[in-house]
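input07.tsv, holding TSV, C-alpha atoms and all ligand atoms:
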```
chain	number	residue	atom	x	y	z
A	120	MET	CA	-30.62	-5.98	4.18
A	121	LYS	CA	-33.28	-8.59	3.67
A	122	LYS	CA	-35.74	-8.93	6.51
A	123	PRO	CA	-37.13	-12.28	7.63
A	124	GLY	CA	-40.12	-13.09	5.50
A	125	ALA	CA	-39.03	-10.90	2.60
A	126	ALA	CA	-39.76	-12.11	-0.90
A	127	ASN	CA	-37.73	-15.02	-2.19
A	128	SER	CA	-35.47	-14.77	-5.21
A	129	ASP	CA	-34.96	-17.39	-7.90
A	130	SER	CA	-33.08	-20.04	-5.89
A	131	GLU	CA	-35.23	-22.47	-3.97
A	132	LEU	CA	-32.77	-22.50	-1.08
A	133	ARG	CA	-32.54	-18.77	-0.69
A	134	GLY	CA	-34.00	-17.13	2.38
A	135	ASP	CA	-36.93	-19.48	2.94
A	136	TYR	CA	-38.18	-18.67	6.44
A	137	SER	CA	-41.30	-20.84	6.22
A	138	GLN	CA	-39.63	-23.84	7.92
A	139	ALA	CA	-37.89	-21.82	10.62
A	140	GLY	CA	-38.89	-22.33	14.24
A	141	ARG	CA	-38.84	-19.63	16.88
A	142	ASP	CA	-35.06	-19.91	17.13
A	143	PHE	CA	-34.98	-19.47	13.32
A	144	THR	CA	-32.98	-22.68	12.82
A	145	ILE	CA	-33.70	-25.04	9.95
A	146	ALA	CA	-32.15	-28.26	8.65
A	147	GLN	CA	-29.11	-27.72	6.44
A	148	ASP	CA	-30.57	-30.24	3.96
A	149	TRP	CA	-27.16	-30.86	2.43
A	150	ASP	CA	-28.56	-33.16	-0.28
A	151	ALA	CA	-30.44	-30.21	-1.79
A	152	TYR	CA	-27.23	-28.54	-3.01
A	153	THR	CA	-26.83	-29.06	-6.76
A	154	PRO	CA	-23.57	-29.99	-8.55
A	155	GLU	CA	-23.47	-26.38	-9.81
A	156	MET	CA	-23.61	-25.09	-6.26
A	157	HIS	CA	-20.77	-27.39	-5.15
A	158	ASP	CA	-18.74	-26.26	-8.15
A	159	ARG	CA	-19.41	-22.63	-7.26
A	160	TRP	CA	-18.23	-23.29	-3.71
A	161	ARG	CA	-15.01	-24.90	-5.02
A	162	ARG	CA	-14.23	-21.94	-7.23
A	163	LEU	CA	-14.93	-19.42	-4.46
A	164	TYR	CA	-12.88	-21.54	-2.09
A	165	ARG	CA	-9.91	-21.78	-4.44
A	166	ARG	CA	-9.79	-18.05	-5.11
A	167	GLN	CA	-10.22	-16.94	-1.51
A	168	SER	CA	-7.95	-19.58	0.04
A	169	GLU	CA	-5.11	-18.58	-2.30
A	170	LEU	CA	-5.51	-14.95	-1.26
A	171	ALA	CA	-5.82	-15.99	2.37
A	172	GLU	CA	-2.46	-17.80	2.28
A	173	ARG	CA	-0.86	-14.45	1.62
A	174	TYR	CA	-3.09	-11.97	3.43
A	175	ALA	CA	-5.03	-13.74	6.19
A	176	ALA	CA	-4.06	-14.17	9.83
A	177	PRO	CA	-2.36	-17.44	10.80
A	178	GLN	CA	-5.31	-18.21	13.11
A	179	PHE	CA	-7.68	-18.06	10.14
A	180	LEU	CA	-5.47	-20.29	8.01
A	181	GLU	CA	-5.07	-22.86	10.74
A	182	GLY	CA	-8.83	-22.98	11.26
A	183	LEU	CA	-9.52	-23.21	7.55
A	184	HIS	CA	-7.15	-26.16	7.13
A	185	ARG	CA	-8.67	-27.99	10.08
A	186	LEU	CA	-12.14	-27.68	8.53
A	187	ASP	CA	-11.05	-29.37	5.31
A	188	CYS	CA	-13.86	-27.84	3.26
A	189	SER	CA	-12.34	-27.33	-0.20
A	190	TYR	CA	-14.31	-30.08	-1.95
A	191	GLY	CA	-17.77	-28.57	-2.07
A	192	VAL	CA	-20.44	-27.01	0.12
A	193	PRO	CA	-19.45	-28.27	3.58
A	194	ARG	CA	-21.64	-30.38	5.85
A	195	PHE	CA	-22.36	-28.63	9.15
A	196	GLU	CA	-22.44	-32.06	10.81
A	197	TYR	CA	-18.78	-32.61	10.02
A	198	ALA	CA	-17.73	-29.10	11.04
A	199	ASN	CA	-19.60	-29.58	14.31
A	200	MET	CA	-17.40	-32.55	15.20
A	201	VAL	CA	-14.27	-30.46	14.65
A	202	LEU	CA	-15.69	-27.42	16.49
A	203	GLY	CA	-17.16	-29.43	19.35
A	204	HIS	CA	-13.79	-30.93	20.22
A	205	ALA	CA	-11.85	-27.72	19.73
A	206	THR	CA	-13.92	-24.93	21.30
A	207	ARG	CA	-17.37	-26.39	22.07
A	208	TRP	CA	-19.02	-24.29	19.35
A	209	GLN	CA	-21.76	-25.69	17.09
A	210	LEU	CA	-23.17	-24.44	13.82
A	211	VAL	CA	-26.90	-24.08	13.27
A	212	ALA	CA	-28.40	-23.56	9.81
A	213	VAL	CA	-30.56	-20.47	9.32
A	214	PRO	CA	-32.42	-19.05	6.29
A	215	GLY	CA	-30.38	-15.81	6.37
A	216	PHE	CA	-30.49	-12.72	8.53
A	217	ILE	CA	-32.29	-13.36	11.81
A	218	PRO	CA	-33.58	-10.91	14.44
A	219	ASP	CA	-30.93	-9.37	16.68
A	220	GLU	CA	-32.13	-10.93	19.91
A	221	VAL	CA	-32.26	-14.39	18.33
A	222	PHE	CA	-28.75	-13.96	16.89
A	223	PHE	CA	-27.42	-12.93	20.32
A	224	GLU	CA	-29.18	-15.83	22.04
A	225	HIS	CA	-27.42	-18.32	19.74
A	226	LEU	CA	-24.00	-16.76	20.26
A	227	ALA	CA	-24.47	-16.63	24.03
A	228	ASN	CA	-24.91	-20.43	23.88
A	229	ARG	CA	-21.96	-21.03	21.55
A	230	ARG	CA	-24.15	-21.69	18.52
A	231	PHE	CA	-23.14	-19.89	15.36
A	232	PRO	CA	-25.93	-19.27	12.81
A	233	VAL	CA	-24.79	-20.12	9.28
A	234	THR	CA	-26.91	-19.19	6.28
A	235	ARG	CA	-27.89	-22.22	4.22
A	236	TRP	CA	-28.04	-20.83	0.69
A	237	ILE	CA	-25.14	-20.06	-1.62
A	238	ARG	CA	-24.86	-16.94	-3.78
A	239	GLU	CA	-25.76	-16.97	-7.47
A	240	GLU	CA	-23.18	-17.08	-10.24
A	241	SER	CA	-23.72	-13.35	-10.89
A	242	GLU	CA	-22.89	-12.51	-7.24
A	243	LEU	CA	-19.48	-14.17	-6.91
A	244	ASP	CA	-17.71	-10.92	-6.11
A	245	TYR	CA	-20.24	-9.06	-4.05
A	246	LEU	CA	-23.41	-9.38	-2.05
A	247	VAL	CA	-24.84	-7.41	0.86
A	248	GLU	CA	-26.50	-10.17	2.89
A	249	PRO	CA	-24.59	-13.16	4.25
A	250	ASP	CA	-24.68	-16.49	2.35
A	251	ILE	CA	-23.07	-19.81	3.26
A	252	PHE	CA	-19.77	-18.83	1.70
A	253	HIS	CA	-19.47	-15.69	3.80
A	254	ASP	CA	-20.77	-17.35	6.96
A	255	PHE	CA	-18.84	-20.61	6.69
A	256	PHE	CA	-15.61	-19.72	4.92
A	257	GLY	CA	-15.40	-16.31	6.62
A	258	HIS	CA	-16.54	-17.03	10.16
A	259	VAL	CA	-16.17	-20.71	11.01
A	260	PRO	CA	-12.34	-20.94	10.84
A	261	MET	CA	-12.11	-18.24	13.51
A	262	LEU	CA	-14.49	-20.19	15.81
A	263	LEU	CA	-11.56	-22.58	16.24
A	264	ASP	CA	-9.48	-19.83	17.84
A	265	PRO	CA	-9.95	-19.99	21.63
A	266	HIS	CA	-10.00	-16.20	22.11
A	267	VAL	CA	-12.50	-15.58	19.34
A	268	ALA	CA	-14.58	-18.50	20.62
A	269	ASP	CA	-14.86	-16.94	24.09
A	270	PHE	CA	-15.27	-13.40	22.75
A	271	LEU	CA	-18.29	-14.35	20.64
A	272	GLU	CA	-20.03	-15.94	23.61
A	273	LEU	CA	-19.43	-12.75	25.63
A	274	TYR	CA	-20.72	-10.67	22.72
A	275	GLY	CA	-23.89	-12.76	22.63
A	276	LYS	CA	-24.37	-12.31	26.37
A	277	ALA	CA	-23.87	-8.54	26.05
A	278	GLY	CA	-26.66	-8.21	23.47
A	279	ALA	CA	-29.70	-8.10	25.75
A	280	ARG	CA	-28.30	-5.21	27.81
A	281	ALA	CA	-27.33	-3.22	24.73
A	282	ILE	CA	-30.86	-3.64	23.36
A	283	ALA	CA	-32.44	-2.73	26.71
A	284	MET	CA	-30.24	0.37	26.95
A	285	ASP	CA	-31.02	1.41	23.40
A	286	ALA	CA	-27.33	1.20	22.49
A	287	LEU	CA	-27.26	-1.74	20.08
A	288	PRO	CA	-25.43	0.17	17.31
A	289	MET	CA	-22.53	0.75	19.73
A	290	LEU	CA	-22.19	-2.94	20.55
A	291	ALA	CA	-22.66	-3.96	16.93
A	292	ARG	CA	-19.68	-1.82	15.88
A	293	ILE	CA	-17.41	-3.96	18.07
A	294	TYR	CA	-18.50	-7.02	16.10
A	295	TRP	CA	-18.25	-5.19	12.78
A	296	TYR	CA	-14.71	-3.91	13.30
A	297	THR	CA	-13.35	-7.21	14.67
A	298	ILE	CA	-15.31	-10.30	13.61
A	299	GLU	CA	-16.35	-8.81	10.24
A	300	PHE	CA	-13.53	-6.40	9.31
A	301	GLY	CA	-10.74	-6.94	11.82
A	302	LEU	CA	-7.02	-6.75	11.04
A	303	ILE	CA	-4.20	-8.07	13.21
A	304	ALA	CA	-0.50	-7.20	13.40
A	305	THR	CA	1.74	-10.27	13.03
A	306	PRO	CA	5.53	-10.80	12.74
A	307	LYS	CA	4.93	-11.18	9.00
A	308	GLY	CA	3.08	-7.88	8.71
A	309	LEU	CA	-0.54	-6.86	8.79
A	310	LYS	CA	-3.07	-9.66	8.20
A	311	ALA	CA	-6.85	-9.91	7.93
A	312	PHE	CA	-9.12	-12.08	10.05
A	313	GLY	CA	-12.55	-10.44	9.63
A	314	ALA	CA	-15.07	-12.55	7.72
A	315	GLY	CA	-16.24	-9.64	5.56
A	316	ILE	CA	-12.65	-9.19	4.40
A	317	VAL	CA	-11.54	-12.77	3.88
A	318	SER	CA	-14.71	-13.67	1.96
A	319	SER	CA	-14.08	-10.77	-0.48
A	320	ALA	CA	-11.26	-10.96	-3.04
A	321	ALA	CA	-10.86	-7.24	-3.55
A	322	GLU	CA	-11.12	-6.19	0.10
A	323	THR	CA	-8.65	-8.89	1.19
A	324	VAL	CA	-5.93	-7.22	-0.87
A	325	PHE	CA	-7.10	-3.66	-0.22
A	326	SER	CA	-7.37	-3.88	3.57
A	327	VAL	CA	-3.85	-5.16	4.19
A	328	THR	CA	-1.88	-3.55	1.34
A	329	ASP	CA	-3.43	-0.15	0.62
A	330	PRO	CA	-0.89	2.44	1.76
A	331	ASP	CA	-3.49	5.18	2.31
A	332	VAL	CA	-6.59	3.75	3.96
A	333	LEU	CA	-6.97	4.80	7.60
A	334	ARG	CA	-5.91	2.15	10.10
A	335	LEU	CA	-6.16	2.72	13.85
A	336	ARG	CA	-5.14	0.72	16.91
A	337	PHE	CA	-8.07	-1.24	18.31
A	338	GLU	CA	-9.58	0.75	21.15
A	339	PRO	CA	-13.05	-0.32	22.33
A	340	VAL	CA	-14.63	3.09	22.96
A	341	ARG	CA	-13.27	4.51	19.69
A	342	VAL	CA	-14.65	1.47	17.88
A	343	MET	CA	-18.08	1.74	19.55
A	344	ASN	CA	-18.30	5.33	18.35
A	345	THR	CA	-17.23	4.77	14.74
A	346	ALA	CA	-19.95	4.36	12.11
A	347	TYR	CA	-19.37	1.90	9.24
A	348	ARG	CA	-20.29	1.40	5.61
A	349	ILE	CA	-22.07	-1.68	4.33
A	350	ASP	CA	-21.88	-0.90	0.61
A	351	ASP	CA	-18.16	-0.39	-0.10
A	352	PHE	CA	-14.67	-1.10	1.29
A	353	GLN	CA	-14.32	0.17	4.85
A	354	PRO	CA	-12.85	3.70	4.99
A	355	ASN	CA	-11.11	2.70	8.24
A	356	TYR	CA	-9.95	-0.51	9.89
A	357	PHE	CA	-8.91	-1.29	13.47
A	358	VAL	CA	-5.79	-3.35	14.16
A	359	LEU	CA	-5.41	-5.85	17.02
A	360	GLU	CA	-2.00	-6.71	18.43
A	361	SER	CA	-3.22	-10.19	19.41
A	362	MET	CA	-6.48	-12.18	19.46
A	363	GLU	CA	-6.22	-12.20	23.23
A	364	GLN	CA	-6.89	-8.46	23.16
A	365	LEU	CA	-10.53	-9.30	22.29
A	366	ILE	CA	-10.83	-10.67	25.80
A	367	THR	CA	-8.40	-8.53	27.80
A	368	ASP	CA	-9.61	-5.18	26.42
A	369	LEU	CA	-13.29	-6.02	26.71
A	370	VAL	CA	-14.06	-8.18	29.78
A	371	GLU	CA	-13.07	-5.46	32.22
A	372	LEU	CA	-15.12	-2.76	30.49
A	373	ASP	CA	-18.33	-1.61	32.11
A	374	PHE	CA	-20.49	-1.06	29.04
A	375	GLY	CA	-23.38	0.62	30.91
A	376	PRO	CA	-21.73	4.00	31.58
A	377	ILE	CA	-20.12	3.96	28.12
A	378	TYR	CA	-23.52	3.45	26.46
A	379	GLU	CA	-25.02	6.23	28.56
A	380	THR	CA	-22.26	8.64	27.69
A	381	TRP	CA	-22.25	8.11	23.94
A	382	ARG	CA	-25.47	6.53	22.72
A	383	ASP	CA	-27.22	9.85	21.96
A	384	LYS	CA	-24.23	11.48	20.29
A	385	ALA	CA	-23.57	11.23	16.57
A	386	PRO	CA	-20.93	8.58	15.80
A	387	ILE	CA	-17.61	9.44	14.16
A	388	ALA	CA	-17.91	9.29	10.37
A	389	PRO	CA	-15.97	6.36	8.88
A	390	GLY	CA	-12.50	7.33	7.70
A	391	THR	CA	-12.05	10.28	10.09
A	392	LEU	CA	-8.72	10.85	11.83
A	393	MET	CA	-9.55	12.73	15.02
A	394	ASP	CA	-7.47	15.55	16.51
A	395	GLY	CA	-4.57	14.14	18.47
A	396	GLU	CA	-4.97	10.65	16.96
A	397	ARG	CA	-2.15	8.87	15.18
A	398	PRO	CA	-2.78	6.24	12.54
A	399	TRP	CA	-1.46	2.72	13.10
A	400	ARG	CA	2.00	2.57	11.55
A	401	GLY	CA	3.13	-0.99	11.13
A	402	LYS	CA	4.35	-3.19	8.36
A	403	LEU	CA	1.78	-3.82	5.64
A	404	ALA	CA	1.37	-7.25	4.09
A	405	GLU	CA	3.70	-7.70	1.17
A	406	LYS	CA	2.07	-7.48	-2.22
A	407	PRO	CA	3.15	-10.01	-4.82
A	408	GLU	CA	5.11	-8.59	-7.76
B	501	LIG	N1	-28.27	-12.78	11.48
B	501	LIG	N2	-27.78	-14.62	10.18
B	501	LIG	C1	-27.38	-13.49	10.79
B	501	LIG	N3	-26.09	-13.10	10.69
B	501	LIG	C2	-25.64	-11.97	11.30
B	501	LIG	O1	-24.45	-11.64	11.21
B	501	LIG	C3	-26.56	-11.19	12.03
B	501	LIG	C4	-27.89	-11.64	12.11
B	501	LIG	N4	-28.80	-10.91	12.80
B	501	LIG	C5	-28.41	-9.71	13.50
B	501	LIG	C6	-27.01	-9.31	13.32
B	501	LIG	N5	-26.18	-10.04	12.65
B	501	LIG	C7	-26.46	-8.04	13.87
B	501	LIG	O2	-27.41	-7.02	13.65
B	501	LIG	C8	-26.04	-8.13	15.33
B	501	LIG	O3	-24.65	-8.47	15.39
B	501	LIG	C9	-26.21	-6.83	16.04
B	502	FE	FE	-20.62	-12.00	8.83
```
Take the structure I supplied and represent it as structure tokens, if you would.
Ligand code: HBI
Ligand code: FE
Amino acid sequence: MKKPGAANSDSELRGDYSQAGRDFTIAQDWDAYTPEMHDRWRRLYRRQSELAERYAAPQFLEGLHRLDCSYGVPRFEYANMVLGHATRWQLVAVPGFIPDEVFFEHLANRRFPVTRWIREESELDYLVEPDIFHDFFGHVPMLLDPHVADFLELYGKAGARAIAMDALPMLARIYWYTIEFGLIATPKGLKAFGAGIVSSAAETVFSVTDPDVLRLRFEPVRVMNTAYRIDDFQPNYFVLESMEQLITDLVELDFGPIYETWRDKAPIAPGTLMDGERPWRGKLAEKPE
């Protein structure tokens, strides 16, 4: 993952930290996007929104439609009007990955950092670091869901303690397996809502239709102890029964003793079914013929 201050690539928008203040925010500078960049957004949008209609959670689709961002790289100013009324969230533009404590501080105050630059033509299918397509298309629709909106604020507020207790990887896995790679059971079968899934064509189909990949019921301590991959499809996914579960399963938890118990133990390798565990057995999303 690129660190703040790392060398720039070819695009003038990409990862420029020189203008960033101590909160790492910058201006979106919407006028700097070229016609090619807007066209790239439209093509990414068309492909992923068609897949989303079939495989994404209804909450994601509702949010996506309310944002009305199919025409080109969206303006954060417009999204902020929609978000402000709906869930009091606001987007802030950032140059890319920002330090953990800064990221948490934004979330704790209902500000979601969105990367300003858009991926290159050669990266349409895959990139490791977040760009504006991942951050906006993947994350912002879910900020319109009231449970996700409140969960992310709580996650931000939990960050400082996890860092102080030397247990950040445990907290980060909660985010990874919900906000980035979460699945949810719906009356129409399994659907995806994680941003890492819905911003990837191949993983959107894989995560909700593959008959063999390991899926487990969402259980906070299991999730906190499960390592993840950043370079391939996830070898396991966790399935929520409802978005509300993000609040009900987590607000009551006392993270301190959980961190103390597990932080020095090796995490469970991704894709491992533990003794006595049963995989989630629900209806998969239907694959088109
Ligand atoms: N910065 N821009 C950005 N986006 C992220 O998702 C992000 C970050 N900094 C830290 C971070 N995520 C994670 O390491 C925390 O969730 C732990
Ligand atoms: Fe993300």
Judged by all atoms listed in the file, the minimum distance to ligand FE 502 (chain B) among A:Asn199, A:Gln364, A:Thr380, A:Ser319 is found for A:Ser319
Which of A:Leu403, A:Cys188, A:Ile377, A:Ala176 sits closest to Met284 in chain A [using all atoms listed in the file]:
A:Ile377
Range 262-277 of chain A environment, 8 Å, all atoms listed in the file, sequence neighbours closer than 2 positions dropped, as an NGL selection string
:A and (178 or 182 or 202 or 205-206 or 208 or 222-229 or 258-260 or 279-281 or 294 or 362-363 or 365-366)
Using all atoms listed in the file, find each residue with an atom at most 6 Å away from ligand FE 502 (chain B) and format the answer as a PyMOL selection string.
chain A and resi 254+299+314-315
Once you count all atoms listed in the file, which residues end up within 9 Å of ligand LIG 501 (chain B), and could you hand them over as number ranges by chain?
A: 212-223, 231-234, 248-250, 254, 274-275, 278, 287-288, 290-295, 299
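Closest approach to Thr328 in chain A among A:Ala311, A:Leu210, A:Ile387, A:Val247: A:Ala311, based on all atoms listed in the file.
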